[in-house]
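Undergrad: Dropping in upload-v5.cif, which is mmCIF, C-alpha atoms:
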```cif
data_run
#
loop_
_atom_site.label_atom_id
_atom_site.label_comp_id
_atom_site.auth_asym_id
_atom_site.auth_seq_id
_atom_site.Cartn_x
_atom_site.Cartn_y
_atom_site.Cartn_z
CA MET R 1 57.43 -21.65 66.93
CA ASP R 2 56.01 -25.15 66.54
CA PHE R 3 54.94 -27.14 69.60
CA THR R 4 54.30 -30.82 69.81
CA LYS R 5 50.90 -32.06 70.99
CA GLU R 6 52.44 -33.04 74.32
CA GLN R 7 53.98 -29.57 74.77
CA LEU R 8 50.68 -27.86 73.99
CA THR R 9 48.91 -30.12 76.46
CA GLU R 10 51.44 -29.23 79.16
CA LEU R 11 51.13 -25.49 78.49
CA ILE R 12 47.34 -25.60 78.57
CA SER R 13 47.38 -27.71 81.72
CA LYS R 14 49.58 -25.14 83.52
CA HIS R 15 47.36 -22.27 82.43
CA LEU R 16 44.23 -24.09 83.57
CA SER R 17 45.60 -24.18 87.11
CA LYS R 18 45.40 -20.36 87.29
CA GLY R 19 42.40 -18.47 88.67
CA LYS R 20 40.65 -17.79 85.36
CA GLY R 21 42.61 -20.31 83.39
CA LEU R 22 39.62 -22.27 82.11
CA GLN R 23 37.85 -19.12 80.97
CA ASP R 24 41.00 -17.91 79.15
CA VAL R 25 41.38 -21.26 77.39
CA LEU R 26 37.72 -21.34 76.33
CA GLU R 27 37.98 -17.81 74.92
CA LEU R 28 41.24 -18.62 73.11
CA MET R 29 39.77 -21.77 71.61
CA ILE R 30 36.69 -19.92 70.37
CA GLU R 31 38.79 -17.15 68.84
CA SER R 32 41.15 -19.67 67.21
CA LEU R 33 38.26 -21.63 65.72
CA MET R 34 36.69 -18.47 64.31
CA ARG R 35 39.99 -17.30 62.82
CA SER R 36 40.41 -20.69 61.17
CA GLU R 37 36.85 -20.49 59.88
CA ARG R 38 37.53 -17.05 58.39
CA ARG R 39 40.71 -18.25 56.73
CA GLU R 40 38.83 -21.10 55.02
CA PHE R 41 36.00 -18.74 54.11
CA LEU R 42 38.33 -16.18 52.47
CA ASN R 43 39.93 -18.92 50.36
CA THR R 44 36.57 -19.24 48.57
CA GLN R 45 36.03 -15.47 48.26
CA PRO R 46 38.38 -13.90 45.66
CA GLY R 47 38.88 -10.19 46.31
CA ASN R 48 37.60 -10.42 49.86
CA LYS R 49 39.91 -10.22 52.88
CA GLY R 50 40.00 -9.95 56.65
CA ASN R 51 38.88 -6.70 58.23
CA GLY R 52 39.85 -6.83 61.90
CA TYR R 53 37.65 -7.92 64.77
CA ARG R 54 34.62 -6.91 66.78
CA GLN R 55 33.94 -7.64 70.42
CA GLY R 56 31.62 -10.50 71.31
CA ARG R 57 30.19 -11.99 74.46
CA SER R 58 28.32 -15.18 75.24
CA TYR R 59 27.68 -17.74 77.97
CA GLY R 60 29.45 -21.05 78.15
CA ASN R 61 30.24 -23.64 80.77
CA GLY R 62 28.70 -21.49 83.49
CA ARG R 63 30.76 -18.41 82.57
CA VAL R 64 30.49 -15.18 80.66
CA LEU R 65 32.89 -15.52 77.75
CA GLU R 66 34.34 -12.47 76.02
CA PHE R 67 36.23 -12.75 72.73
CA ARG R 68 37.03 -11.09 69.41
CA ILE R 69 34.94 -12.06 66.39
CA PRO R 70 36.81 -11.93 63.04
CA ARG R 71 35.28 -9.79 60.29
CA ASP R 72 35.68 -9.68 56.52
CA ARG R 73 35.60 -6.68 54.19
CA TYR R 74 32.08 -7.30 52.84
CA GLY R 75 30.44 -8.43 56.09
CA ASN R 76 29.57 -11.88 54.71
CA PHE R 77 31.49 -13.99 57.24
CA HIS R 78 29.42 -15.54 60.04
CA PRO R 79 31.31 -18.00 62.28
CA THR R 80 29.51 -21.32 62.71
CA ILE R 81 30.56 -21.62 66.34
CA LEU R 82 28.61 -18.44 67.20
CA ALA R 83 25.39 -20.26 66.33
CA LEU R 84 26.30 -22.93 68.87
CA LEU R 85 27.06 -20.29 71.48
CA ARG R 86 23.76 -18.55 70.77
CA ASP R 87 21.99 -21.81 71.62
CA GLN R 88 23.68 -21.71 75.02
CA GLU R 89 22.78 -18.05 75.39
CA LEU R 90 19.16 -18.86 74.59
CA GLU R 91 19.24 -21.51 77.31
CA CYS R 92 20.45 -18.87 79.76
CA GLU R 93 17.60 -16.59 78.71
CA ARG R 94 15.16 -19.43 79.21
CA LEU R 95 16.63 -20.11 82.63
CA ALA R 96 16.25 -16.45 83.58
CA GLY R 97 12.67 -16.47 82.35
CA SER R 98 11.90 -19.69 84.18
CA LEU R 99 13.30 -18.37 87.48
CA TYR R 100 11.35 -15.14 87.03
CA SER R 101 8.11 -16.98 86.28
CA LYS R 102 8.54 -19.17 89.36
CA GLY R 103 8.25 -16.13 91.60
CA LEU R 104 11.75 -14.65 91.84
CA THR R 105 12.16 -10.93 91.28
CA GLN R 106 14.55 -9.59 88.64
CA SER R 107 17.01 -8.65 91.40
CA GLU R 108 16.92 -12.20 92.80
CA VAL R 109 17.46 -13.68 89.34
CA GLY R 110 20.44 -11.33 88.93
CA GLU R 111 21.91 -12.53 92.23
CA ILE R 112 21.64 -16.16 91.14
CA PHE R 113 23.30 -15.41 87.81
CA GLU R 114 26.07 -13.51 89.55
CA GLU R 115 26.69 -16.55 91.74
CA VAL R 116 26.68 -18.92 88.76
CA TYR R 117 28.51 -16.78 86.19
CA GLY R 118 30.65 -14.67 88.52
CA ARG R 119 29.45 -11.36 87.10
CA HIS R 120 26.95 -8.77 88.37
CA TYR R 121 23.76 -8.41 86.36
CA SER R 122 21.60 -5.30 86.70
CA LYS R 123 17.81 -5.32 86.60
CA GLY R 124 18.05 -3.96 83.07
CA SER R 125 20.28 -6.84 81.98
CA ILE R 126 17.94 -9.44 83.46
CA SER R 127 14.96 -7.64 81.93
CA ARG R 128 16.56 -7.91 78.49
CA MET R 129 17.38 -11.58 79.09
CA ILE R 130 13.74 -12.41 79.84
CA GLU R 131 12.46 -10.48 76.86
CA TYR R 132 12.08 -13.81 75.04
CA LEU R 133 9.56 -14.76 77.74
CA ARG R 134 7.41 -11.73 76.93
CA GLU R 135 7.55 -12.54 73.22
CA ASP R 136 6.63 -16.16 73.93
CA VAL R 137 3.68 -15.07 76.05
CA ASP R 138 2.48 -12.57 73.43
CA GLN R 139 2.43 -15.29 70.78
CA TRP R 140 0.62 -17.68 73.11
CA LEU R 141 -2.04 -15.13 74.08
CA SER R 142 -2.79 -14.31 70.44
CA ARG R 143 -2.72 -17.88 69.10
CA SER R 144 -5.63 -19.28 67.09
CA LEU R 145 -8.18 -21.29 69.05
CA GLU R 146 -10.46 -24.19 68.17
CA ALA R 147 -13.93 -23.57 66.76
CA TYR R 148 -15.77 -25.43 69.53
CA TYR R 149 -15.09 -26.01 73.22
CA PRO R 150 -17.49 -28.29 75.13
CA ILE R 151 -16.98 -26.56 78.51
CA VAL R 152 -15.44 -23.19 79.38
CA PHE R 153 -14.75 -21.94 82.91
CA VAL R 154 -14.29 -18.21 83.58
CA ASP R 155 -13.38 -16.24 86.67
CA ALA R 156 -11.58 -13.06 87.71
CA ILE R 157 -8.59 -12.72 90.02
CA HIS R 158 -7.82 -9.35 91.62
CA ILE R 159 -4.19 -8.17 91.80
CA LYS R 160 -2.59 -4.98 93.12
CA VAL R 161 -1.00 -3.03 90.26
CA HIS R 162 0.94 0.25 89.97
CA ARG R 163 -0.71 2.72 87.61
CA LYS R 164 -0.25 6.50 87.51
CA ASP R 165 1.82 6.52 90.71
CA ARG R 166 -0.94 4.73 92.59
CA VAL R 167 -1.45 1.12 93.66
CA GLU R 168 -4.95 -0.27 93.18
CA THR R 169 -6.54 -3.67 92.80
CA GLU R 170 -7.41 -4.59 89.21
CA ALA R 171 -9.31 -7.49 87.68
CA PHE R 172 -7.66 -10.12 85.50
CA TYR R 173 -10.13 -12.37 83.68
CA VAL R 174 -9.10 -15.99 83.14
CA THR R 175 -10.70 -18.60 80.86
CA ILE R 176 -10.06 -22.36 81.00
CA ALA R 177 -11.64 -24.77 78.52
CA VAL R 178 -12.16 -28.49 78.31
CA LYS R 179 -11.31 -29.48 74.74
CA GLU R 180 -12.96 -32.15 72.62
CA ASP R 181 -9.96 -34.42 73.23
CA LYS R 182 -10.76 -34.23 77.00
CA THR R 183 -7.66 -32.19 77.89
CA ARG R 184 -7.78 -28.67 79.32
CA GLU R 185 -6.37 -25.42 78.00
CA VAL R 186 -6.15 -21.86 79.26
CA LEU R 187 -7.65 -19.82 76.44
CA GLY R 188 -6.77 -16.35 77.61
CA ILE R 189 -5.96 -13.84 80.34
CA PHE R 190 -7.44 -10.36 80.11
CA ASN R 191 -6.93 -7.24 82.20
CA ARG R 192 -9.54 -4.63 83.08
CA PRO R 193 -9.31 -2.17 85.98
CA SER R 194 -12.62 -3.54 87.28
CA GLU R 195 -15.26 -6.12 86.41
CA SER R 196 -17.89 -4.80 84.03
CA SER R 197 -20.31 -5.94 81.36
CA THR R 198 -18.09 -4.28 78.75
CA GLY R 199 -15.04 -6.12 80.07
CA TRP R 200 -16.71 -9.51 79.91
CA GLN R 201 -18.07 -8.77 76.44
CA GLU R 202 -14.62 -7.77 75.18
CA MET R 203 -13.23 -11.01 76.60
CA PHE R 204 -15.82 -13.10 74.73
CA GLU R 205 -15.30 -11.08 71.56
CA SER R 206 -11.55 -11.68 71.82
CA LEU R 207 -12.15 -15.43 72.01
CA GLN R 208 -14.49 -15.16 69.05
CA SER R 209 -11.94 -13.23 66.98
CA ARG R 210 -9.37 -15.96 67.65
CA GLY R 211 -11.64 -18.64 66.24
CA VAL R 212 -14.08 -19.77 68.97
CA GLN R 213 -17.43 -20.10 67.20
CA SER R 214 -19.41 -21.90 69.91
CA ILE R 215 -19.22 -23.00 73.55
CA GLY R 216 -21.16 -25.98 74.88
CA LEU R 217 -21.45 -24.79 78.49
CA LEU R 218 -20.06 -21.82 80.40
CA VAL R 219 -19.27 -22.30 84.11
CA ALA R 220 -18.65 -19.22 86.24
CA ASP R 221 -18.88 -17.75 89.69
CA GLY R 222 -21.77 -15.38 90.38
CA LEU R 223 -19.96 -12.69 88.42
CA LYS R 224 -21.63 -9.34 87.80
CA TYR R 225 -22.79 -8.54 84.27
CA LEU R 226 -21.66 -11.92 82.91
CA GLU R 227 -25.08 -13.13 81.75
CA ASP R 228 -25.67 -10.06 79.57
CA ALA R 229 -22.21 -10.24 77.98
CA LEU R 230 -22.60 -13.97 77.29
CA ALA R 231 -26.03 -13.45 75.72
CA ARG R 232 -24.65 -10.82 73.35
CA VAL R 233 -21.69 -12.84 72.05
CA TYR R 234 -22.68 -16.51 72.55
CA PRO R 235 -26.49 -16.33 72.88
CA THR R 236 -27.08 -20.11 72.69
CA THR R 237 -24.54 -21.05 75.38
CA PRO R 238 -26.09 -22.26 78.68
CA LEU R 239 -24.66 -20.82 81.90
CA GLN R 240 -23.86 -22.78 85.05
CA LYS R 241 -23.07 -20.69 88.12
CA CYS R 242 -20.68 -22.11 90.69
CA VAL R 243 -22.57 -24.02 93.40
CA THR R 244 -19.59 -23.97 95.76
CA HIS R 245 -19.59 -20.18 95.81
CA LEU R 246 -23.33 -20.11 96.44
CA LYS R 247 -23.00 -22.52 99.37
CA ARG R 248 -20.29 -20.36 100.94
CA ASN R 249 -22.42 -17.29 100.49
CA MET R 250 -25.44 -18.99 102.06
CA LEU R 251 -23.48 -20.24 105.06
CA ASN R 252 -22.20 -16.72 105.68
CA LYS R 253 -25.79 -15.55 106.08
CA VAL R 254 -26.56 -17.67 109.14
CA ARG R 255 -25.28 -18.04 112.68
CA HIS R 256 -22.48 -20.45 113.41
CA SER R 257 -24.85 -22.76 115.27
CA ASP R 258 -27.03 -23.11 112.13
CA LYS R 259 -24.25 -23.73 109.63
CA GLU R 260 -24.14 -27.51 109.97
CA GLU R 261 -27.88 -27.97 109.42
CA LEU R 262 -27.96 -25.53 106.50
CA SER R 263 -24.96 -27.27 104.95
CA GLU R 264 -26.83 -30.59 105.06
CA ASP R 265 -29.91 -29.01 103.48
CA LEU R 266 -27.81 -27.50 100.70
CA ARG R 267 -26.24 -30.88 100.04
CA GLU R 268 -29.70 -32.33 99.50
CA VAL R 269 -30.67 -29.55 97.10
CA PHE R 270 -27.50 -29.65 95.00
CA GLN R 271 -27.19 -33.38 94.44
CA THR R 272 -24.82 -34.84 91.84
CA GLY R 273 -24.57 -38.31 90.39
CA ASN R 274 -28.30 -39.08 90.68
CA GLN R 275 -29.70 -39.79 87.23
CA TYR R 276 -33.29 -39.43 88.45
CA TYR R 277 -32.85 -36.01 90.04
CA THR R 278 -34.02 -33.27 87.66
CA SER R 279 -33.50 -29.52 87.57
CA GLU R 280 -37.20 -28.92 88.30
CA GLN R 281 -37.04 -31.14 91.37
CA ALA R 282 -33.96 -29.26 92.50
CA TRP R 283 -35.67 -25.90 91.98
CA ASN R 284 -38.62 -27.00 94.09
CA ALA R 285 -36.21 -28.20 96.79
CA TRP R 286 -34.44 -24.83 96.61
CA GLN R 287 -37.68 -22.95 97.16
CA GLN R 288 -38.51 -25.14 100.14
CA LEU R 289 -35.06 -24.50 101.60
CA CYS R 290 -35.47 -20.75 101.20
CA GLU R 291 -38.91 -20.93 102.76
CA LYS R 292 -37.58 -22.90 105.75
CA TRP R 293 -34.56 -20.70 106.45
CA GLY R 294 -36.29 -17.51 105.37
CA LYS R 295 -38.41 -17.61 108.50
CA ASP R 296 -35.34 -16.62 110.52
CA TYR R 297 -33.16 -15.00 107.86
CA ARG R 298 -34.84 -12.44 105.62
CA THR R 299 -31.94 -12.36 103.14
CA ILE R 300 -32.52 -16.04 102.39
CA LYS R 301 -36.26 -15.57 102.00
CA LYS R 302 -35.65 -13.03 99.22
CA MET R 303 -33.74 -15.68 97.24
CA LYS R 304 -36.71 -18.03 96.96
CA ASN R 305 -38.27 -16.82 93.72
CA ASP R 306 -35.32 -14.98 92.18
CA PRO R 307 -35.06 -16.48 88.65
CA THR R 308 -31.31 -15.82 88.45
CA TYR R 309 -30.76 -18.69 90.90
CA ARG R 310 -31.94 -21.12 88.22
CA TYR R 311 -28.47 -20.75 86.70
CA TYR R 312 -27.14 -22.84 89.61
CA PHE R 313 -29.13 -25.88 88.44
CA THR R 314 -28.05 -26.03 84.78
CA TYR R 315 -25.66 -28.92 85.56
CA LEU R 316 -28.63 -31.23 86.13
CA ASN R 317 -29.45 -31.09 82.41
CA TYR R 318 -26.31 -33.09 81.65
CA ASP R 319 -25.17 -36.68 82.16
CA TYR R 320 -25.27 -37.48 85.88
CA ARG R 321 -21.77 -38.95 85.73
CA ILE R 322 -20.12 -35.60 84.91
CA GLN R 323 -22.25 -33.29 87.08
CA SER R 324 -19.64 -33.02 89.83
CA MET R 325 -17.13 -31.73 87.23
CA ILE R 326 -19.30 -28.94 85.85
CA TYR R 327 -21.23 -27.48 88.80
CA THR R 328 -18.27 -25.65 90.33
CA THR R 329 -15.30 -23.53 89.25
CA ASN R 330 -12.85 -25.52 91.41
CA TRP R 331 -10.49 -26.10 88.48
CA ILE R 332 -10.02 -22.40 87.81
CA GLU R 333 -9.64 -21.69 91.53
CA ARG R 334 -6.75 -24.16 91.69
CA LEU R 335 -5.07 -22.30 88.85
CA GLN R 336 -5.62 -19.01 90.68
CA ARG R 337 -3.80 -20.45 93.70
CA ASP R 338 -0.82 -21.06 91.42
CA PHE R 339 -1.09 -17.46 90.19
CA ARG R 340 -1.12 -16.09 93.73
CA ARG R 341 1.86 -18.20 94.75
CA VAL R 342 3.93 -16.62 91.97
CA LEU R 343 2.62 -13.08 92.45
CA ARG R 344 2.53 -12.74 96.23
CA MET R 345 6.36 -12.64 96.49
CA ARG R 346 6.36 -9.30 94.70
CA GLY R 347 3.70 -7.29 96.50
CA ALA R 348 2.22 -4.74 94.11
CA MET R 349 3.13 -5.40 90.48
CA PRO R 350 4.81 -2.61 88.44
CA ASN R 351 2.27 -2.81 85.60
CA GLU R 352 -0.45 -5.02 84.14
CA GLU R 353 1.91 -6.50 81.53
CA SER R 354 4.14 -8.03 84.20
CA VAL R 355 1.09 -9.64 85.83
CA ILE R 356 -0.11 -11.14 82.56
CA VAL R 357 3.38 -12.44 81.69
CA LEU R 358 3.68 -14.29 85.00
CA MET R 359 0.12 -15.62 84.92
CA ALA R 360 0.44 -16.74 81.30
CA LYS R 361 3.76 -18.48 81.88
CA THR R 362 2.25 -20.31 84.87
CA ALA R 363 -0.72 -21.39 82.75
CA MET R 364 1.50 -22.50 79.85
CA GLU R 365 3.46 -24.82 82.14
CA LYS R 366 0.41 -26.43 83.76
CA ARG R 367 1.31 -30.06 83.01
CA ALA R 368 -1.88 -31.46 84.54
CA TYR R 369 -3.89 -29.90 81.70
CA PHE R 370 -2.22 -32.19 79.16
CA ARG R 371 -3.82 -35.26 80.77
CA GLN R 372 -7.24 -36.37 79.60
CA LEU R 373 -10.14 -36.09 82.01
CA PRO R 374 -11.61 -39.59 82.34
CA GLY R 375 -15.31 -39.83 81.55
CA ILE R 376 -15.87 -36.12 80.85
CA ASP R 377 -17.12 -36.97 77.32
CA ARG R 378 -19.99 -39.13 78.57
CA ASP R 379 -22.44 -36.33 77.90
CA LYS R 380 -23.14 -36.39 74.17
CA THR R 381 -24.74 -32.94 74.24
CA LEU R 382 -21.40 -31.40 75.12
CA PHE R 383 -19.31 -34.03 73.30
CA PRO R 384 -21.34 -35.00 70.21
CA GLU R 385 -20.26 -38.03 68.27
CA LYS R 386 -18.27 -37.14 65.18
CA LYS R 387 -18.68 -38.92 61.87
CA LYS R 388 -15.63 -41.06 61.41
CA MET R 389 -16.10 -41.36 57.65
CA GLU R 390 -18.19 -39.60 55.05
CA HIS R 391 -19.16 -42.82 53.21
CA PRO R 392 -20.92 -45.59 55.19
CA ASP R 393 -19.96 -48.18 52.55
CA LEU R 394 -16.29 -47.64 53.47
CA ILE R 395 -17.11 -48.39 57.10
CA ASN R 396 -18.85 -51.61 56.09
CA LYS R 397 -15.88 -52.69 53.99
CA GLY R 398 -13.53 -52.02 56.85
CA SER R 399 -15.55 -54.25 59.18
CA ASP R 400 -15.54 -57.27 56.86
#
```
Rewrite the structure of this file - the entire thing - as structure tokens.
TA:
Amino acid sequence: MDFTKEQLTELISKHLSKGKGLQDVLELMIESLMRSERREFLNTQPGNKGNGYRQGRSYGNGRVLEFRIPRDRYGNFHPTILALLRDQELECERLAGSLYSKGLTQSEVGEIFEEVYGRHYSKGSISRMIEYLREDVDQWLSRSLEAYYPIVFVDAIHIKVHRKDRVETEAFYVTIAVKEDKTREVLGIFNRPSESSTGWQEMFESLQSRGVQSIGLLVADGLKYLEDALARVYPTTPLQKCVTHLKRNMLNKVRHSDKEELSEDLREVFQTGNQYYTSEQAWNAWQQLCEKWGKDYRTIKKMKNDPTYRYYFTYLNYDYRIQSMIYTTNWIERLQRDFRRVLRMRGAMPNEESVIVLMAKTAMEKRAYFRQLPGIDRDKTLFPEKKKMEHPDLINKGSD
């Protein structure tokens, strides 16, 4: 029976008014297009012919679409429209991964998809949908790195993880670098059950295996075993320990009534932005501070001549205009706040992989890191001038 265009329009319009009318029409249109595609395909394939259908499913227009996909005898027919539908399906997978990485559990993502697509999704279904996220993260964590990074910040965040039917806190090492182009980049996230010299060394060796040949300056909290691990893998890299952490630690050693005065003294010792203030002057000021406060607090007196505290004054060896950027791990602490915001909605994590996936996805989407840090390249020790051309005569010709 042949229908006019107007009659077909009327029939479709009536069907669309039914409960699942739009979904039926979309599925019929997709099947019709694929059958037409197969007919044209078989016209160019002598000896080949249709061989029934197989069931298919995809997402489209906010719905789960189910339809029959035409087959041919030799399995060579691949409908073009399926490629378009796969693009939509990939978008749904990305949406599921994005919702998951923003802090929603798999159950909560399933509830949202049920509301949008009108179909229940189990945890297993959502887990399969966000598999692309895991693959994306794996590629990102194993990517090649640059040979030189002027400044690298490292720290560890501690997260509760299920392992062997027990929940315990485990360490996740994080590294952020300032690149030569003045932008920032998270280089890696590493899991170890606890902080150790071996763990830090493996982290540095992993960076080395991915291409990092040298680091201009390493900035870290007063982490255990870090100095030894750094010396073994990057022996020429200077270490700057976080002054902010030291100040907090010092203030916790005194009575509340003494905190304000000690805070002022610490501010005088750890000056930034003063081009005439040297590391030796700062060390002398540190010893005087420890002598002053050590009269009443023995724990502070013991810090006076401890050579490991010299690591807190490394920043004074660099251009005074960037000292406030390199004497603390504030940047990595801000990233850790983002990590905690995503992770705290879940309580204890089911395994270390799920922690790394969420942390990595958060780091990958850190838009602020794409912006250049103004003035960070003022120190030519960390950001040496590069030769623009190999032949000086070409430079002279260009300036004429």
Undergrad: With the PyMOL selection byres ((chain R and resi 357-366) around 9) as the selection, what would be picked from this file? Answer as number ranges by chain, please.
TA: R: 98, 100-103, 133-134, 136-138, 140-141, 185-186, 188-189, 335-336, 338-340, 342-343, 352-356, 367-370
Undergrad: Have a look at atom CA of Glu385 of chain R and atom CA of Leu207 of chain R and let me know their distance in Å, one decimal.
TA: 24.3 Å
Undergrad: Skipping near chain neighbours, those fewer than 4 positions away, what residues fall within 10 Å of Leu226 of chain R using all atoms listed in the file, listed as a list of chain:residue names?
TA: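 What passes the distance filter is R:Val154, R:Glu195, R:Ser196, R:Ser197, R:Thr198, R:Gly199, R:Trp200, R:Gln201, R:Ala220, R:Asp221, R:Gly222, R:Leu230, R:Ala231, R:Leu239.
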Undergrad: How about saving the chosen residues, C-alpha atoms kept, as a PDB file, in the coordinates of the input?
TA:
```pdb
ATOM      1  CA  VAL R 154     -14.290 -18.210  83.580  1.00  0.00           C
ATOM      2  CA  GLU R 195     -15.260  -6.120  86.410  1.00  0.00           C
ATOM      3  CA  SER R 196     -17.890  -4.800  84.030  1.00  0.00           C
ATOM      4  CA  SER R 197     -20.310  -5.940  81.360  1.00  0.00           C
ATOM      5  CA  THR R 198     -18.090  -4.280  78.750  1.00  0.00           C
ATOM      6  CA  GLY R 199     -15.040  -6.120  80.070  1.00  0.00           C
ATOM      7  CA  TRP R 200     -16.710  -9.510  79.910  1.00  0.00           C
ATOM      8  CA  GLN R 201     -18.070  -8.770  76.440  1.00  0.00           C
ATOM      9  CA  ALA R 220     -18.650 -19.220  86.240  1.00  0.00           C
ATOM     10  CA  ASP R 221     -18.880 -17.750  89.690  1.00  0.00           C
ATOM     11  CA  GLY R 222     -21.770 -15.380  90.380  1.00  0.00           C
ATOM     12  CA  LEU R 230     -22.600 -13.970  77.290  1.00  0.00           C
ATOM     13  CA  ALA R 231     -26.030 -13.450  75.720  1.00  0.00           C
ATOM     14  CA  LEU R 239     -24.660 -20.820  81.900  1.00  0.00           C
TER      15      LEU R 239
END
```
Undergrad: Can you list what the PyMOL selection byres ((chain R and resi 318) around 10) grabs from this structure, as an MDAnalysis selection string?
TA: chainID R and resid 275 278:279 314:317 319:323 326 378:382
Undergrad: Do you have the atom CA of Tyr277 of chain R-atom CA of Lys302 of chain R distance handy?
TA: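 So the two atoms, atom CA of Tyr277 of chain R and atom CA of Lys302 of chain R, lie 24.9 Å apart.
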Undergrad: Counting all atoms listed in the file, which residue out of R:Glu333, R:Asp296, R:Glu27, R:Asp377 sits closest to Thr244 of chain R?
TA: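 Going through R:Glu333, R:Asp296, R:Glu27, R:Asp377 one by one, the smallest distance to Thr244 of chain R is for R:Glu333.
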Undergrad: Please indicate the distance in Å from atom CA of Val243 of chain R to atom CA of Thr328 of chain R, rounded to one decimal place.
TA: 5.5 Å
Undergrad: Once the PyMOL selection byres ((chain R and resi 148) around 10) has been applied to the shown file, what residues remain in the selection, as a list in words?
TA: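 That expression, the PyMOL selection byres ((chain R and resi 148) around 10), corresponds here to Leu145, Glu146, Ala147, Tyr149, Pro150, Ile151, Ala177, Val178, Lys179, Glu180, Gly211, Val212, Gln213, Ser214, Ile215, Gly216 and Leu382 of chain R.
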Undergrad: Determine the nearest neighbour of Ile157 of chain R from the options R:Pro79, R:Gly375, R:Trp283, R:Arg334, counting only C-alpha atoms.
TA: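 Ranked by minimum distance to Ile157 of chain R, first place goes to R:Arg334.
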Undergrad: Which residues come within 12 Å of Glu260 of chain R, counting only C-alpha atoms, excluding same-chain residues fewer than 5 positions away, as a compact mmCIF listing (two decimals) with C-alpha atoms, keeping the file's coordinate frame?
TA:
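Here's the written file out14.txt:
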```
# COMPACT_ATOMS: atom_id res chain seq x y z
CA LYS R 247 -23.00 -22.52 99.37
CA MET R 250 -25.44 -18.99 102.06
CA LEU R 251 -23.48 -20.24 105.06
CA ASN R 252 -22.20 -16.72 105.68
CA VAL R 254 -26.56 -17.67 109.14
CA ARG R 255 -25.28 -18.04 112.68
CA ASP R 265 -29.91 -29.01 103.48
CA LEU R 266 -27.81 -27.50 100.70
CA ARG R 267 -26.24 -30.88 100.04
```
